[in-house]
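Notes follow the structure.
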Amino acid sequence: MLKIENLHAEIDGKEILKGLSLTVNAGEVHAIMGPNGAGKSTLGYVLGGRPGYEVTDGSVTFGGEDLLEMAPHERAAAGLFLGFQYPVEIPGVSNVQFLREALNAQRKVRGEAPLSGGEFLKLARAQADLLSMDQEMLKRPVNVGFSGGEKKRNEMVQMGIIGPKLAILDETDSGLDIDALRVVGDGINRIMRAPDKAVVLITHYQRLLDYVKPDFVHVLSGGRIIRSGGAELAHELEAEGYAAVAA
Ligand code: ADP
Ligand code: MG
Ligand code: MG
């Protein structure tokens with residue numbers, strides 16, 4: 001589904017990703033862990049196509065297509081979803097408006113008919129319910145005044161509505177209390193655990209991985225993946241720290 005080879009990327013002339021390689025097959029959950037400043041968020045931004053991030057070497061294919069040649073909206077329409085470490089607030093645009101526009105724009109690129117207002121509301125309400133999010137929050141401006149945990153939960157509602165093939169979730173567990181962590185973990189499993197879908201979970205903590213069991217765990221340090229293993233690697237990291245594991 002996703003094949004990253006020898007990826008080098010820079011911001012403002014500073015190289016952040018330094019030869020990163022990663023293959024994600026359909027049906028798999030990969031966790032990416034690593035110290036602050038390792039380049040984890042940069043990886044997500046480069047895959048999403050955020051302006052300002054320049055790829056200087058390497059390749060990325062998504063479903064066999066050259067991802068780096070695609071515009072950000074084309075990547076989304078092809079099934080790529082990026083959950084942000086710091087979800088953006090959009091004053092003046094309600095969650096419902098935002099998500100209906102996003103979903104219908106993607107459907108248009110794929111040659112599918114747009115959902116009507118009624119159809120969309122039914123879908124949005126069902127997803128909000130599944131993530132125990134108050135229906136009223138669907139009407140509020142996107143993330144404005146939401147707590148950290150509510151923003152993360154809202155990201156999962158967005159993911160449920162959009163229905164991506166590959167979700168890259170950047171510290172979706174940060175700011176969540178124990179109950180919210182379970183709800184979000186269950187949401188990731190329900191929405192994304194399927195033979196034709198895959199997840200890249202960027203996280204600092206083992207906690208989320210108790211709910212969303214990774215098939216592979218990778219350590220990203222200094223702009224490259226320096227170690228890969230199974231779920232047990234996350235426990236090792238938690239117990240011994242990145243420095244010990246990287247050594
Ligand atoms: P992580 O998510 O692993 O904590 P990031 O990908 O956010 O790390 O950042 C990787 C490195 O890139 C850090 O050293 C950070 O300071 C640097 N960086 C991020 N954004 C910029 C920028 N706009 N200009 C220069 N350096 C940046
Ligand atoms: Mg960080
Ligand atoms: Mg980060």
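Simple scheme: letters A, B, ... for chains in structure tokens order, numbers from 1 for residues in each chain, numbers from 1 for ligands in the order shown.
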
Taking only C-alpha atoms and all ligand atoms into account, list the residues no farther than 10 Å from ligand 1, as a PyMOL selection string. chain A and resi 10-17+32-46+52-53+85+170-171+202-204+220-223

Restrict the selected residues to N, CA and C atoms and save them as an mmCIF file, in the first residue's frame.
data_model
loop_
_atom_site.group_PDB
_atom_site.id
_atom_site.type_symbol
_atom_site.label_atom_id
_atom_site.label_comp_id
_atom_site.auth_asym_id
_atom_site.auth_seq_id
_atom_site.Cartn_x
_atom_site.Cartn_y
_atom_site.Cartn_z
ATOM 1 N N GLU A 10 13.728 18.130 3.395
ATOM 2 C CA GLU A 10 14.235 19.263 4.168
ATOM 3 C C GLU A 10 13.192 20.363 4.312
ATOM 4 N N ILE A 11 13.393 21.155 5.359
ATOM 5 C CA ILE A 11 12.592 22.351 5.595
ATOM 6 C C ILE A 11 13.567 23.511 5.683
ATOM 7 N N ASP A 12 13.302 24.577 4.929
ATOM 8 C CA ASP A 12 14.176 25.760 4.952
ATOM 9 C C ASP A 12 15.646 25.371 4.791
ATOM 10 N N GLY A 13 15.898 24.423 3.911
ATOM 11 C CA GLY A 13 17.273 24.020 3.636
ATOM 12 C C GLY A 13 17.900 23.131 4.694
ATOM 13 N N LYS A 14 17.114 22.788 5.746
ATOM 14 C CA LYS A 14 17.654 21.920 6.792
ATOM 15 C C LYS A 14 17.133 20.503 6.574
ATOM 16 N N GLU A 15 18.060 19.553 6.403
ATOM 17 C CA GLU A 15 17.620 18.175 6.152
ATOM 18 C C GLU A 15 17.085 17.541 7.437
ATOM 19 N N ILE A 16 15.842 17.049 7.366
ATOM 20 C CA ILE A 16 15.200 16.443 8.541
ATOM 21 C C ILE A 16 15.079 14.934 8.347
ATOM 22 N N LEU A 17 14.604 14.504 7.189
ATOM 23 C CA LEU A 17 14.535 13.065 6.905
ATOM 24 C C LEU A 17 15.767 12.695 6.098
ATOM 25 N N ILE A 32 5.181 4.092 14.946
ATOM 26 C CA ILE A 32 6.469 4.766 14.834
ATOM 27 C C ILE A 32 6.704 5.527 16.125
ATOM 28 N N MET A 33 7.788 5.174 16.788
ATOM 29 C CA MET A 33 8.135 5.818 18.046
ATOM 30 C C MET A 33 9.488 6.489 17.864
ATOM 31 N N GLY A 34 9.818 7.384 18.762
ATOM 32 C CA GLY A 34 11.119 8.025 18.639
ATOM 33 C C GLY A 34 11.172 9.308 19.426
ATOM 34 N N PRO A 35 12.390 9.769 19.712
ATOM 35 C CA PRO A 35 12.546 10.956 20.555
ATOM 36 C C PRO A 35 11.999 12.219 19.903
ATOM 37 N N ASN A 36 11.795 13.252 20.697
ATOM 38 C CA ASN A 36 11.382 14.551 20.182
ATOM 39 C C ASN A 36 12.368 15.036 19.135
ATOM 40 N N GLY A 37 11.837 15.600 18.081
ATOM 41 C CA GLY A 37 12.694 16.177 17.051
ATOM 42 C C GLY A 37 13.275 15.158 16.091
ATOM 43 N N ALA A 38 12.817 13.902 16.173
ATOM 44 C CA ALA A 38 13.361 12.832 15.328
ATOM 45 C C ALA A 38 12.948 12.985 13.866
ATOM 46 N N GLY A 39 11.792 13.643 13.645
ATOM 47 C CA GLY A 39 11.279 13.789 12.278
ATOM 48 C C GLY A 39 9.963 13.068 12.057
ATOM 49 N N LYS A 40 9.305 12.654 13.143
ATOM 50 C CA LYS A 40 8.057 11.899 13.024
ATOM 51 C C LYS A 40 6.948 12.740 12.375
ATOM 52 N N SER A 41 6.741 13.945 12.905
ATOM 53 C CA SER A 41 5.700 14.803 12.314
ATOM 54 C C SER A 41 6.084 15.204 10.897
ATOM 55 N N THR A 42 7.383 15.424 10.679
ATOM 56 C CA THR A 42 7.855 15.776 9.337
ATOM 57 C C THR A 42 7.482 14.678 8.340
ATOM 58 N N LEU A 43 7.641 13.435 8.748
ATOM 59 C CA LEU A 43 7.273 12.312 7.870
ATOM 60 C C LEU A 43 5.794 12.413 7.480
ATOM 61 N N GLY A 44 4.935 12.661 8.473
ATOM 62 C CA GLY A 44 3.503 12.801 8.188
ATOM 63 C C GLY A 44 3.231 13.953 7.228
ATOM 64 N N TYR A 45 3.876 15.091 7.469
ATOM 65 C CA TYR A 45 3.657 16.257 6.610
ATOM 66 C C TYR A 45 4.130 16.010 5.182
ATOM 67 N N VAL A 46 5.285 15.356 5.048
ATOM 68 C CA VAL A 46 5.817 15.078 3.706
ATOM 69 C C VAL A 46 4.857 14.146 2.958
ATOM 70 N N GLY A 52 6.330 23.627 1.758
ATOM 71 C CA GLY A 52 7.495 23.998 2.552
ATOM 72 C C GLY A 52 8.395 22.811 2.855
ATOM 73 N N TYR A 53 7.875 21.610 2.647
ATOM 74 C CA TYR A 53 8.670 20.409 2.904
ATOM 75 C C TYR A 53 9.173 19.888 1.560
ATOM 76 N N GLN A 85 -0.895 16.148 14.888
ATOM 77 C CA GLN A 85 -0.475 16.256 16.282
ATOM 78 C C GLN A 85 -1.164 17.468 16.932
ATOM 79 N N ASP A 170 -0.748 11.176 13.999
ATOM 80 C CA ASP A 170 0.389 11.776 14.695
ATOM 81 C C ASP A 170 0.026 12.114 16.139
ATOM 82 N N GLU A 171 0.505 11.312 17.047
ATOM 83 C CA GLU A 171 0.270 11.517 18.486
ATOM 84 C C GLU A 171 -1.200 11.749 18.800
ATOM 85 N N ILE A 202 1.875 7.229 15.003
ATOM 86 C CA ILE A 202 3.035 7.884 15.600
ATOM 87 C C ILE A 202 2.701 8.141 17.066
ATOM 88 N N THR A 203 3.509 7.608 17.961
ATOM 89 C CA THR A 203 3.195 7.789 19.385
ATOM 90 C C THR A 203 4.463 7.751 20.231
ATOM 91 N N HIS A 204 4.398 8.430 21.357
ATOM 92 C CA HIS A 204 5.502 8.396 22.318
ATOM 93 C C HIS A 204 5.319 7.297 23.348
ATOM 94 N N LEU A 220 12.185 5.765 15.019
ATOM 95 C CA LEU A 220 12.670 6.814 14.121
ATOM 96 C C LEU A 220 13.573 7.731 14.929
ATOM 97 N N SER A 221 14.798 7.872 14.483
ATOM 98 C CA SER A 221 15.742 8.723 15.199
ATOM 99 C C SER A 221 16.680 9.351 14.184
ATOM 100 N N GLY A 222 16.898 10.665 14.312
ATOM 101 C CA GLY A 222 17.804 11.337 13.400
ATOM 102 C C GLY A 222 17.376 11.244 11.942
ATOM 103 N N GLY A 223 16.057 11.181 11.711
ATOM 104 C CA GLY A 223 15.556 11.234 10.339
ATOM 105 C C GLY A 223 15.546 9.919 9.592
#

DSSP alpha helix (DSSP H) selection over range 12-246 of chain A, as a PyMOL selection string: chain A and resi 40-48+72-77+95-109+117-130+136-139+148-162+178-192+207-211+232-246

Prev. selection, C-alpha atoms, output as a short mmCIF file (atom, residue, chain, number, x, y, z; two decimals), in the first residue's frame:
data_model
loop_
_atom_site.label_atom_id
_atom_site.label_comp_id
_atom_site.auth_asym_id
_atom_site.auth_seq_id
_atom_site.Cartn_x
_atom_site.Cartn_y
_atom_site.Cartn_z
CA LYS A 40 8.06 11.90 13.02
CA SER A 41 5.70 14.80 12.31
CA THR A 42 7.86 15.78 9.34
CA LEU A 43 7.27 12.31 7.87
CA GLY A 44 3.50 12.80 8.19
CA TYR A 45 3.66 16.26 6.61
CA VAL A 46 5.82 15.08 3.71
CA LEU A 47 3.40 12.21 3.01
CA GLY A 48 0.45 14.60 3.21
CA PRO A 72 -2.45 17.09 -1.42
CA HIS A 73 -6.14 16.87 -2.37
CA GLU A 74 -5.37 14.05 -4.80
CA ARG A 75 -3.54 12.15 -2.04
CA ALA A 76 -6.62 12.53 0.17
CA ALA A 77 -8.96 11.41 -2.59
CA ASN A 95 -17.56 20.73 11.65
CA VAL A 96 -20.49 19.56 9.51
CA GLN A 97 -19.80 22.07 6.71
CA PHE A 98 -16.10 21.29 6.74
CA LEU A 99 -16.50 17.52 6.64
CA ARG A 100 -19.26 17.51 4.02
CA GLU A 101 -17.11 19.71 1.76
CA ALA A 102 -14.06 17.52 2.35
CA LEU A 103 -15.92 14.26 1.72
CA ASN A 104 -17.76 15.51 -1.36
CA ALA A 105 -14.59 17.04 -2.82
CA GLN A 106 -12.91 13.65 -2.49
CA ARG A 107 -15.92 11.85 -3.97
CA LYS A 108 -15.79 14.25 -6.93
CA VAL A 109 -12.13 13.45 -7.65
CA GLY A 117 -27.19 17.16 3.27
CA GLY A 118 -29.48 14.52 4.78
CA GLU A 119 -27.30 11.59 3.82
CA PHE A 120 -24.24 13.32 5.15
CA LEU A 121 -25.86 14.23 8.50
CA LYS A 122 -26.90 10.63 9.03
CA LEU A 123 -23.32 9.48 8.46
CA ALA A 124 -21.84 12.23 10.66
CA ARG A 125 -24.25 11.54 13.54
CA ALA A 126 -23.53 7.82 13.44
CA GLN A 127 -19.78 8.42 13.58
CA ALA A 128 -20.10 10.96 16.40
CA ASP A 129 -22.16 8.42 18.36
CA LEU A 130 -19.62 5.67 17.81
CA GLU A 136 -23.76 19.42 19.34
CA MET A 137 -20.02 19.43 18.60
CA LEU A 138 -20.78 18.68 14.96
CA LYS A 139 -22.37 22.12 14.66
CA GLY A 148 -7.01 18.74 23.60
CA GLY A 149 -8.84 15.46 24.06
CA GLU A 150 -11.94 16.68 22.20
CA LYS A 151 -9.79 17.71 19.24
CA LYS A 152 -8.28 14.25 19.05
CA ARG A 153 -11.69 12.62 19.30
CA ASN A 154 -12.92 14.96 16.56
CA GLU A 155 -10.05 13.79 14.36
CA MET A 156 -11.33 10.23 14.76
CA VAL A 157 -14.89 11.32 13.86
CA GLN A 158 -13.41 12.94 10.73
CA MET A 159 -11.56 9.72 9.94
CA GLY A 160 -14.76 7.70 10.38
CA ILE A 161 -16.65 9.97 8.00
CA ILE A 162 -13.90 10.16 5.37
CA ILE A 178 -7.80 7.07 30.16
CA ASP A 179 -11.44 6.78 29.06
CA ALA A 180 -10.92 8.88 25.93
CA LEU A 181 -7.85 6.81 25.09
CA ARG A 182 -9.98 3.67 25.07
CA VAL A 183 -12.69 5.32 22.94
CA VAL A 184 -10.11 6.58 20.44
CA GLY A 185 -8.28 3.24 20.39
CA ASP A 186 -11.56 1.40 19.79
CA GLY A 187 -12.36 3.93 17.06
CA ILE A 188 -9.07 3.30 15.27
CA ASN A 189 -9.67 -0.45 15.42
CA ARG A 190 -13.26 -0.17 14.21
CA ILE A 191 -12.56 2.26 11.38
CA MET A 192 -9.15 1.06 10.20
CA ARG A 207 -0.35 3.04 26.32
CA LEU A 208 -2.20 3.47 23.02
CA LEU A 209 -0.60 0.29 21.72
CA ASP A 210 -2.40 -1.68 24.44
CA TYR A 211 -5.64 -0.81 22.59
CA GLU A 232 7.52 -6.22 22.09
CA LEU A 233 9.85 -3.45 20.89
CA ALA A 234 7.43 -0.85 22.28
CA HIS A 235 7.68 -2.45 25.73
CA GLU A 236 11.44 -2.51 25.46
CA LEU A 237 11.48 1.19 24.58
CA GLU A 238 9.16 2.02 27.46
CA ALA A 239 11.38 0.14 29.88
CA GLU A 240 14.79 1.18 28.61
CA GLY A 241 14.37 4.45 26.72
CA TYR A 242 15.30 5.40 23.18
CA ALA A 243 18.98 5.94 23.86
CA ALA A 244 19.50 2.36 25.09
CA VAL A 245 17.57 0.84 22.20
CA ALA A 246 19.31 3.05 19.63
#

What is the distance, in Å and to one decimal place, between CA of Pro51 in chain A and CA of Phe81 in chain A? 16.4 Å

Range 76-229 of chain A: which residues are strand (DSSP E or B) by DSSP, as a ChimeraX atom specification? /A:80-83,90-94,141-142,166-170,198-202,216-221,224-229

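Using only C-alpha atoms and all ligand atoms, the smallest distance between any of A:Tyr205, A:Val212, A:Val200, A:Glu28 and ligand 2 comes from A:Tyr205.
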
When you count only C-alpha atoms, which of these residues is closest to Lys18 in chain A: A:Thr56, A:Ser132, A:Ser228, A:Gln206? A:Thr56

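Picture a line from CA of Pro195 in chain A to CA of Ser21 in chain A; it runs 22.6 Å.
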
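Of the residues listed (A:Gly230, A:Gly27, A:Gly19, A:Pro141), A:Pro141 shows the shortest atom-to-atom separation from Glu89 in chain A; distances use only C-alpha atoms.
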